[in-house]
>>> print(open('entry34.cif').read())   # mmCIF, C-alpha atoms and all ligand atoms
data_final
#
loop_
_atom_site.label_atom_id
_atom_site.label_comp_id
_atom_site.auth_asym_id
_atom_site.auth_seq_id
_atom_site.Cartn_x
_atom_site.Cartn_y
_atom_site.Cartn_z
CA MET A 1 -36.53 -26.10 -14.39
CA HIS A 2 -33.38 -24.91 -12.61
CA LEU A 3 -32.30 -21.28 -12.81
CA ILE A 4 -28.82 -22.37 -13.81
CA GLU A 5 -27.63 -25.79 -14.87
CA PHE A 6 -24.08 -26.88 -15.71
CA HIS A 7 -23.99 -30.30 -17.33
CA ASN A 8 -20.63 -32.09 -17.71
CA PHE A 9 -19.08 -28.74 -18.50
CA TYR A 10 -15.39 -28.26 -19.20
CA PHE A 11 -13.59 -25.08 -20.17
CA ARG A 12 -10.05 -23.92 -20.74
CA TYR A 13 -8.88 -20.51 -21.92
CA LYS A 14 -7.28 -20.67 -25.34
CA LYS A 15 -3.72 -20.07 -24.10
CA ASN A 16 -3.87 -22.64 -21.32
CA LYS A 17 -3.15 -26.34 -21.47
CA GLU A 18 -5.05 -27.36 -18.36
CA TYR A 19 -8.79 -27.03 -17.94
CA GLN A 20 -9.91 -24.16 -15.69
CA LEU A 21 -13.28 -25.84 -15.24
CA ASN A 22 -13.32 -29.59 -15.05
CA GLU A 23 -16.41 -31.79 -15.24
CA ILE A 24 -18.76 -29.22 -13.72
CA ASN A 25 -22.25 -30.41 -12.78
CA LEU A 26 -24.17 -27.81 -10.86
CA LYS A 27 -27.80 -26.87 -10.36
CA ILE A 28 -28.91 -23.55 -8.93
CA ASP A 29 -32.50 -23.09 -7.74
CA GLU A 30 -34.80 -20.18 -6.99
CA ASN A 31 -34.63 -17.88 -4.01
CA LYS A 32 -31.33 -19.00 -2.51
CA PHE A 33 -28.40 -17.14 -1.00
CA ILE A 34 -25.32 -19.02 -2.12
CA LEU A 35 -21.68 -18.64 -1.13
CA LEU A 36 -19.12 -19.68 -3.75
CA CYS A 37 -15.77 -20.32 -2.17
CA GLY A 38 -12.41 -21.74 -3.08
CA GLN A 39 -8.75 -20.82 -3.03
CA THR A 40 -7.44 -18.09 -5.27
CA GLY A 41 -7.13 -19.45 -8.80
CA SER A 42 -9.61 -22.29 -8.17
CA GLY A 43 -11.92 -20.98 -10.92
CA LYS A 44 -14.62 -18.89 -9.18
CA THR A 45 -14.50 -15.96 -11.60
CA THR A 46 -14.27 -18.37 -14.54
CA LEU A 47 -17.37 -20.22 -13.30
CA ILE A 48 -19.22 -16.90 -12.96
CA ARG A 49 -18.23 -15.87 -16.51
CA CYS A 50 -20.05 -19.00 -17.74
CA MET A 51 -23.30 -17.90 -16.13
CA ASN A 52 -24.07 -15.07 -18.55
CA GLY A 53 -22.44 -16.42 -21.69
CA LEU A 54 -19.19 -14.40 -21.45
CA ILE A 55 -17.66 -17.87 -21.53
CA PRO A 56 -17.74 -19.27 -24.20
CA GLN A 57 -18.96 -16.34 -26.31
CA PHE A 58 -16.51 -13.60 -25.30
CA TYR A 59 -13.46 -15.40 -23.88
CA PRO A 60 -11.74 -17.53 -26.50
CA GLY A 61 -11.20 -21.10 -25.41
CA PHE A 62 -12.39 -24.68 -25.64
CA TYR A 63 -15.46 -26.12 -23.98
CA ARG A 64 -17.48 -29.30 -23.70
CA GLY A 65 -20.89 -29.91 -22.15
CA TYR A 66 -23.41 -27.12 -21.67
CA VAL A 67 -24.61 -24.40 -19.34
CA LYS A 68 -28.26 -23.36 -19.34
CA VAL A 69 -29.78 -20.27 -17.75
CA LEU A 70 -33.56 -20.61 -17.41
CA GLY A 71 -33.40 -23.27 -20.08
CA LYS A 72 -31.39 -21.16 -22.55
CA ASP A 73 -28.04 -22.51 -23.73
CA THR A 74 -25.42 -19.88 -22.87
CA ALA A 75 -23.31 -20.79 -25.90
CA GLU A 76 -26.14 -19.72 -28.20
CA ALA A 77 -28.42 -17.21 -26.48
CA PRO A 78 -27.35 -13.58 -27.05
CA ILE A 79 -25.43 -12.22 -24.03
CA ALA A 80 -27.80 -9.21 -23.99
CA ASP A 81 -30.79 -11.57 -23.51
CA LEU A 82 -29.04 -13.56 -20.79
CA SER A 83 -28.17 -10.31 -19.01
CA THR A 84 -31.83 -9.56 -18.38
CA GLU A 85 -32.19 -12.85 -16.46
CA ILE A 86 -28.86 -12.78 -14.69
CA GLY A 87 -27.06 -9.70 -13.42
CA ILE A 88 -23.38 -9.84 -12.56
CA VAL A 89 -21.38 -7.33 -10.57
CA PHE A 90 -17.70 -7.97 -11.16
CA GLN A 91 -14.93 -7.19 -8.73
CA ASN A 92 -14.16 -3.60 -9.77
CA PRO A 93 -17.55 -1.95 -10.17
CA GLU A 94 -16.06 1.29 -11.51
CA ASN A 95 -15.25 -0.55 -14.75
CA GLN A 96 -18.94 -1.31 -15.08
CA LEU A 97 -20.17 2.23 -14.47
CA ILE A 98 -20.19 4.15 -17.72
CA SER A 99 -22.58 7.10 -17.38
CA MET A 100 -21.93 10.67 -16.31
CA ASN A 101 -24.40 10.52 -13.45
CA VAL A 102 -25.85 7.89 -11.19
CA GLU A 103 -29.48 8.38 -12.19
CA HIS A 104 -28.65 7.85 -15.85
CA GLU A 105 -26.45 4.88 -14.96
CA ILE A 106 -29.45 3.22 -13.36
CA ALA A 107 -31.83 4.12 -16.20
CA PHE A 108 -29.41 3.13 -18.98
CA GLY A 109 -30.11 -0.62 -19.06
CA MET A 110 -33.87 -0.06 -19.01
CA GLU A 111 -33.67 2.47 -21.85
CA ASN A 112 -31.90 -0.14 -23.95
CA LEU A 113 -34.70 -2.60 -23.23
CA GLY A 114 -37.33 -0.03 -24.23
CA ILE A 115 -39.10 -0.09 -20.87
CA PRO A 116 -41.87 2.61 -20.70
CA ARG A 117 -40.98 5.80 -18.82
CA GLU A 118 -43.55 5.38 -16.06
CA GLU A 119 -42.37 1.87 -15.31
CA MET A 120 -38.75 3.08 -15.35
CA GLU A 121 -39.49 5.79 -12.82
CA LYS A 122 -41.29 3.35 -10.55
CA ARG A 123 -38.41 0.87 -10.61
CA ILE A 124 -35.74 3.55 -10.09
CA LYS A 125 -37.58 4.89 -7.06
CA GLU A 126 -37.78 1.41 -5.58
CA VAL A 127 -34.13 0.40 -6.08
CA ILE A 128 -32.61 3.67 -4.93
CA LYS A 129 -34.58 3.30 -1.71
CA LEU A 130 -33.54 -0.32 -1.28
CA THR A 131 -29.86 0.39 -1.91
CA GLU A 132 -29.98 3.72 -0.02
CA ILE A 133 -28.45 5.88 -2.74
CA GLU A 134 -31.12 8.62 -3.02
CA HIS A 135 -28.52 11.26 -2.14
CA LEU A 136 -26.12 10.17 -4.89
CA LEU A 137 -28.32 10.49 -7.98
CA ASP A 138 -26.71 13.68 -9.34
CA LYS A 139 -23.15 12.56 -8.76
CA ALA A 140 -20.81 11.07 -11.33
CA PRO A 141 -19.80 7.43 -10.65
CA PHE A 142 -16.12 8.42 -10.41
CA GLU A 143 -16.95 10.81 -7.56
CA LEU A 144 -18.20 7.94 -5.38
CA SER A 145 -16.46 5.82 -2.76
CA GLY A 146 -15.95 2.09 -3.37
CA GLY A 147 -18.97 1.20 -1.25
CA GLU A 148 -21.15 3.75 -3.00
CA GLN A 149 -20.03 2.49 -6.41
CA GLN A 150 -20.84 -1.05 -5.30
CA ARG A 151 -24.39 0.06 -4.35
CA VAL A 152 -24.88 1.89 -7.65
CA ALA A 153 -23.66 -1.15 -9.61
CA ILE A 154 -26.11 -3.34 -7.67
CA ALA A 155 -28.96 -0.84 -8.21
CA SER A 156 -28.31 -0.56 -11.95
CA ILE A 157 -28.59 -4.33 -12.27
CA LEU A 158 -31.55 -4.74 -9.90
CA VAL A 159 -33.74 -2.36 -11.93
CA LEU A 160 -33.59 -4.88 -14.75
CA GLU A 161 -35.32 -7.32 -12.36
CA PRO A 162 -33.05 -10.30 -12.95
CA LYS A 163 -33.93 -13.61 -11.33
CA ILE A 164 -30.31 -14.18 -10.44
CA LEU A 165 -27.78 -11.71 -9.08
CA ILE A 166 -24.12 -12.69 -8.95
CA LEU A 167 -21.36 -10.79 -7.19
CA ASP A 168 -17.71 -11.61 -7.63
CA GLU A 169 -15.91 -10.61 -4.42
CA PRO A 170 -18.19 -7.67 -3.71
CA THR A 171 -16.35 -6.62 -0.57
CA ALA A 172 -12.77 -6.81 -1.83
CA LEU A 173 -12.36 -3.03 -1.97
CA LEU A 174 -14.41 -2.17 1.11
CA ASP A 175 -13.62 -1.63 4.76
CA PRO A 176 -15.13 -4.18 7.18
CA SER A 177 -18.14 -2.10 8.22
CA MET A 178 -19.09 -1.21 4.61
CA ALA A 179 -18.52 -4.84 3.60
CA ASP A 180 -20.92 -5.96 6.31
CA LYS A 181 -23.52 -3.41 5.17
CA ILE A 182 -23.32 -4.61 1.55
CA ILE A 183 -23.77 -8.27 2.53
CA LYS A 184 -26.75 -7.41 4.76
CA LEU A 185 -28.22 -5.37 1.90
CA LEU A 186 -27.83 -8.35 -0.43
CA LYS A 187 -29.57 -10.65 2.05
CA LYS A 188 -32.41 -8.13 2.32
CA ILE A 189 -32.71 -7.98 -1.48
CA GLN A 190 -32.80 -11.76 -1.70
CA THR A 191 -35.61 -12.14 0.82
CA GLU A 192 -37.66 -9.15 -0.40
CA LYS A 193 -37.38 -9.90 -4.11
CA ASN A 194 -37.12 -13.70 -3.98
CA VAL A 195 -34.09 -13.69 -6.25
CA THR A 196 -31.16 -16.07 -6.10
CA ILE A 197 -27.89 -14.44 -5.11
CA ILE A 198 -24.49 -16.04 -5.62
CA ILE A 199 -21.52 -14.41 -3.93
CA SER A 200 -17.90 -15.34 -4.39
CA GLU A 201 -16.13 -14.12 -1.30
CA HIS A 202 -12.89 -14.67 0.58
CA ARG A 203 -14.16 -13.04 3.78
CA MET A 204 -16.26 -15.97 4.83
CA ASP A 205 -17.06 -14.55 8.27
CA LEU A 206 -19.26 -12.04 6.49
CA VAL A 207 -21.29 -14.34 4.24
CA VAL A 208 -21.60 -17.71 5.98
CA PRO A 209 -24.14 -16.43 8.57
CA TYR A 210 -26.55 -15.54 5.74
CA ALA A 211 -25.92 -18.36 3.27
CA ASP A 212 -28.48 -21.07 2.48
CA GLU A 213 -26.03 -23.09 0.42
CA ILE A 214 -22.27 -23.29 -0.08
CA ILE A 215 -20.39 -24.29 -3.23
CA LEU A 216 -16.79 -25.42 -2.73
CA LEU A 217 -14.58 -25.06 -5.75
CA ASP A 218 -11.14 -26.65 -5.68
CA ASN A 219 -8.64 -26.78 -8.50
CA ALA A 220 -11.21 -26.36 -11.31
CA LYS A 221 -13.69 -28.85 -9.82
CA ILE A 222 -16.82 -28.66 -7.72
CA LEU A 223 -15.75 -30.37 -4.54
CA GLU A 224 -19.15 -30.02 -2.90
CA HIS A 225 -22.40 -28.12 -3.23
CA GLY A 226 -25.01 -28.40 -0.54
CA LYS A 227 -26.92 -26.88 2.33
CA ARG A 228 -24.76 -24.70 4.54
CA GLU A 229 -25.04 -26.95 7.59
CA GLU A 230 -23.97 -30.04 5.65
CA VAL A 231 -21.04 -28.38 3.91
CA LEU A 232 -19.77 -26.72 7.12
CA ASN A 233 -19.83 -30.03 8.95
CA GLY A 234 -18.21 -32.02 6.16
CA GLU A 235 -14.63 -33.08 5.60
CA ASN A 236 -14.19 -31.15 2.34
CA PHE A 237 -14.66 -27.82 4.05
CA GLN A 238 -12.30 -28.81 6.81
CA ARG A 239 -9.65 -29.87 4.31
CA LEU A 240 -9.71 -26.74 2.14
CA THR A 241 -7.13 -24.09 2.94
CA ILE A 242 -9.43 -21.09 2.83
CA ASN A 243 -10.06 -18.28 5.23
CA LYS A 244 -12.55 -20.09 7.51
CA PRO A 245 -14.99 -18.18 9.70
CA VAL A 246 -13.65 -17.53 13.20
CA ILE A 247 -16.68 -19.23 14.75
CA TYR A 248 -15.93 -22.33 12.65
CA SER A 249 -12.32 -22.47 13.85
CA VAL A 250 -13.34 -22.02 17.49
CA PHE A 251 -15.94 -24.79 17.38
CA THR A 252 -13.77 -27.28 15.45
CA THR A 253 -11.09 -26.79 18.12
CA LEU A 254 -13.67 -27.32 20.87
CA LYS A 255 -14.78 -30.46 19.05
CA SER A 256 -11.27 -31.84 18.71
CA GLU A 257 -10.79 -31.24 22.47
CA GLN A 258 -14.03 -33.21 23.09
CA LEU A 259 -15.62 -30.12 24.66
CA TYR A 260 -18.37 -29.84 22.05
CA LYS A 261 -20.24 -32.58 20.22
CA GLU A 262 -22.99 -30.84 18.23
CA LYS A 263 -23.07 -29.41 14.71
CA ILE A 264 -20.73 -26.50 14.03
CA PRO A 265 -22.74 -23.27 14.20
CA ALA A 266 -22.76 -20.95 11.20
CA SER A 267 -23.07 -17.75 13.19
CA ILE A 268 -22.67 -16.33 16.68
CA ASP A 269 -26.49 -16.29 17.00
CA GLU A 270 -26.63 -20.00 16.27
CA ALA A 271 -23.92 -20.69 18.84
CA ILE A 272 -25.80 -18.65 21.45
CA ARG A 273 -28.99 -20.60 20.73
CA TYR A 274 -27.12 -23.83 21.30
CA PHE A 275 -25.83 -22.71 24.71
CA GLN A 276 -29.26 -21.36 25.71
CA ASN A 277 -30.76 -24.80 25.07
CA TYR A 278 -27.87 -26.47 26.85
CA LYS A 279 -28.43 -24.74 30.21
N1 LIG B 301 -8.65 -14.45 -19.22
C1 LIG B 301 -7.90 -15.51 -18.86
N2 LIG B 301 -7.05 -16.11 -19.72
C2 LIG B 301 -6.30 -17.15 -19.37
N3 LIG B 301 -6.32 -17.72 -18.14
C3 LIG B 301 -7.14 -17.19 -17.24
C4 LIG B 301 -7.98 -16.05 -17.54
N4 LIG B 301 -8.69 -15.73 -16.43
C5 LIG B 301 -8.33 -16.63 -15.49
N5 LIG B 301 -7.40 -17.50 -15.96
C6 LIG B 301 -6.81 -18.65 -15.22
O1 LIG B 301 -7.87 -19.51 -14.82
C7 LIG B 301 -7.63 -20.03 -13.50
C8 LIG B 301 -8.83 -19.70 -12.62
O2 LIG B 301 -8.88 -18.28 -12.45
P1 LIG B 301 -10.09 -17.54 -11.78
O3 LIG B 301 -9.86 -16.09 -12.00
O4 LIG B 301 -11.34 -18.12 -12.29
O5 LIG B 301 -9.89 -17.96 -10.25
P2 LIG B 301 -10.59 -17.38 -8.94
O6 LIG B 301 -11.03 -18.55 -8.14
O7 LIG B 301 -11.61 -16.37 -9.33
O8 LIG B 301 -9.38 -16.67 -8.17
P3 LIG B 301 -9.41 -15.38 -7.19
O9 LIG B 301 -9.91 -15.86 -5.86
O10 LIG B 301 -7.97 -14.97 -7.13
O11 LIG B 301 -10.29 -14.33 -7.82
C9 LIG B 301 -6.32 -19.43 -13.03
O12 LIG B 301 -5.32 -20.37 -13.25
C10 LIG B 301 -6.13 -18.22 -13.94
O13 LIG B 301 -4.77 -17.97 -14.16
MG MG B 302 -11.87 -14.33 -8.97
#
>>> encode(input="entry34.cif", output="structure tokens")
Amino acid sequence: MHLIEFHNFYFRYKKNKEYQLNEINLKIDENKFILLCGQTGSGKTTLIRCMNGLIPQFYPGFYRGYVKVLGKDTAEAPIADLSTEIGIVFQNPENQLISMNVEHEIAFGMENLGIPREEMEKRIKEVIKLTEIEHLLDKAPFELSGGEQQRVAIASILVLEPKILILDEPTALLDPSMADKIIKLLKKIQTEKNVTIIISEHRMDLVVPYADEIILLDNAKILEHGKREEVLNGENFQRLTINKPVIYSVFTTLKSEQLYKEKIPASIDEAIRYFQNYK
């Protein structure tokens, strides 16, 4: 069974004439780090809203086909049930933080699920260490910086032990060094907890080095979904007008000048390895 499966899925918001998701077929498997990319307005946030039932249950509109999360149809399963399998951090985490202090914010979801106190304490201890927010527990969410809020939002979802964690532009409000820290943290969470993480992100330089797979969304359609190496070396990626990684642009130029013939590296480390072997 796939963690997430879209089958011939179409959706348009009630007010719109055109479909915002068009003939979507997509399968997401366990323990993957996945980059979701596409131009602004291509449908990334809309696709993410389908993954926990917000679409079609919360956003009025028309749909065809189905989306299943761990075998449960997202049009029918209660959103609260789906939320225990799949945690989503939307773009402005402060809208998601509702408690008066961070510790309660993290405990809140578990209290609703009736998780025993001992187990709650164990999980809280573990996630605050992983996300490095021990020093923030007594603070109110509105007293935190964007990066700190992002960490708290991630921690409050991780304690629920979802199998899938989705982040919609997690670095949009962060400076480059905090953005880098958050992405590295997410990679660490993925490998330590064996969860699948899907990140929609415009700053591709940050995510591509860690991604296992890339999904390209273009004008409401899945243009391609595959292993990072295949997508990066394909024509679809080249054609899309998105903010490509610097290393990608350098190596495609080298290729077009016939100075480089190998696969395009996904990171500086990969490029270095190539030149070490080349000597
Ligand atoms: N609540 C809504 N009601 C009506 N139309 C919407 C709604 N949300 C998004 N849309 C439309 O759906 C299309 C896809 O938007 P979406 O937000 O999914 O794109 P995106 O890829 O996430 O863009 P960005 O990179 O700017 O976040 C756009 O044309 C947008 O105007
Ligand atoms: Mg979006």
>>> closest_residue(input="entry34.cif", among="A:Gly38, A:Gly87, A:Pro209, A:Pro245", to="Lys187 of chain A", atoms="only C-alpha atoms")
A:Pro209
>>> closest_residue(input="entry34.cif", among="A:Ser156, A:Asn243, A:Ala211, A:Leu232", to="Phe108 of chain A", atoms="only C-alpha atoms")
A:Ser156
>>> residues_around(input="entry34.cif", residues="Asn233 of chain A", least_positions_apart="2", cutoff="10 Å", atoms="only C-alpha atoms", output="JSON list (two decimals) with C-alpha atoms, in the frame of the given file")
[["chain", "number", "residue", "atom", "x", "y", "z"],
["A", 228, "ARG", "CA", -24.76, -24.70, 4.54],
["A", 229, "GLU", "CA", -25.04, -26.95, 7.59],
["A", 230, "GLU", "CA", -23.97, -30.04, 5.65],
["A", 231, "VAL", "CA", -21.04, -28.38, 3.91],
["A", 235, "GLU", "CA", -14.63, -33.08, 5.60],
["A", 236, "ASN", "CA", -14.19, -31.15, 2.34],
["A", 237, "PHE", "CA", -14.66, -27.82, 4.05],
["A", 238, "GLN", "CA", -12.30, -28.81, 6.81],
["A", 248, "TYR", "CA", -15.93, -22.33, 12.65],
["A", 252, "THR", "CA", -13.77, -27.28, 15.45],
["A", 262, "GLU", "CA", -22.99, -30.84, 18.23],
["A", 263, "LYS", "CA", -23.07, -29.41, 14.71],
["A", 264, "ILE", "CA", -20.73, -26.50, 14.03],
["A", 265, "PRO", "CA", -22.74, -23.27, 14.20],
["A", 266, "ALA", "CA", -22.76, -20.95, 11.20]]
>>> closest_residue(input="entry34.cif", among="A:Val152, A:Met178, A:Leu206, A:Ile199", to="ligand MG 302 (chain B)", atoms="all atoms listed in the file")
A:Ile199
>>> residues_around(input="entry34.cif", residues="Ile48 of chain A", least_positions_apart="4", cutoff="9 Å", atoms="all atoms listed in the file", output="ChimeraX atom specification")
/A:43-44,52,54-55,88,166-168,200
>>> atom_distance(input="entry34.cif", atom1="atom CA of Thr40 of chain A", atom2="atom CA of Thr191 of chain A")
29.4 Å
>>> closest_residue(input="entry34.cif", among="A:Leu82, A:Leu113, A:Ile164, A:Ala271", to="Ile189 of chain A", atoms="all atoms listed in the file")
A:Ile164
>>> closest_atom_pairs(input="entry34.cif", of="chain A", to="ligand LIG 301 (chain B)", cutoff="10 Å", atoms="only C-alpha atoms and all ligand atoms", output="CSV")
residue,atom,partner,partner_atom,distance
A:Phe11,CA,B:LIG301,O1,9.6
A:Arg12,CA,B:LIG301,N3,7.7
A:Tyr13,CA,B:LIG301,C2,4.9
A:Lys14,CA,B:LIG301,C2,7.0
A:Lys15,CA,B:LIG301,C2,6.1
A:Asn16,CA,B:LIG301,C2,6.3
A:Lys17,CA,B:LIG301,N3,9.8
A:Glu18,CA,B:LIG301,O12,8.7
A:Tyr19,CA,B:LIG301,O1,8.2
A:Gln20,CA,B:LIG301,O1,5.2
A:Leu21,CA,B:LIG301,C8,8.0
A:Leu36,CA,B:LIG301,O6,9.3
A:Cys37,CA,B:LIG301,O6,7.8
A:Gly38,CA,B:LIG301,O6,6.1
A:Gln39,CA,B:LIG301,O9,5.8
A:Thr40,CA,B:LIG301,O9,3.4
A:Gly41,CA,B:LIG301,O5,3.5
A:Ser42,CA,B:LIG301,O6,4.0
A:Gly43,CA,B:LIG301,O4,3.2
A:Lys44,CA,B:LIG301,O6,3.8
A:Thr45,CA,B:LIG301,O7,3.7
A:Thr46,CA,B:LIG301,O4,3.7
A:Leu47,CA,B:LIG301,O4,6.5
A:Ile48,CA,B:LIG301,O4,8.0
A:Arg49,CA,B:LIG301,O4,8.4
A:Ile55,CA,B:LIG301,N1,9.9
A:Phe58,CA,B:LIG301,N1,10.0
A:Tyr59,CA,B:LIG301,N1,6.8
A:Pro60,CA,B:LIG301,N2,8.4
A:Gly61,CA,B:LIG301,N2,8.6
A:Gln91,CA,B:LIG301,O11,8.6
A:Asp168,CA,B:LIG301,O11,7.9
A:Glu169,CA,B:LIG301,O11,7.5
A:Ala172,CA,B:LIG301,O11,9.9
A:Ser200,CA,B:LIG301,O7,8.1
A:Glu201,CA,B:LIG301,O9,7.9
A:His202,CA,B:LIG301,O9,7.2
A:Leu217,CA,B:LIG301,O6,7.8
A:Asp218,CA,B:LIG301,O6,8.5
A:Asn219,CA,B:LIG301,C8,8.2
A:Ala220,CA,B:LIG301,C8,7.2
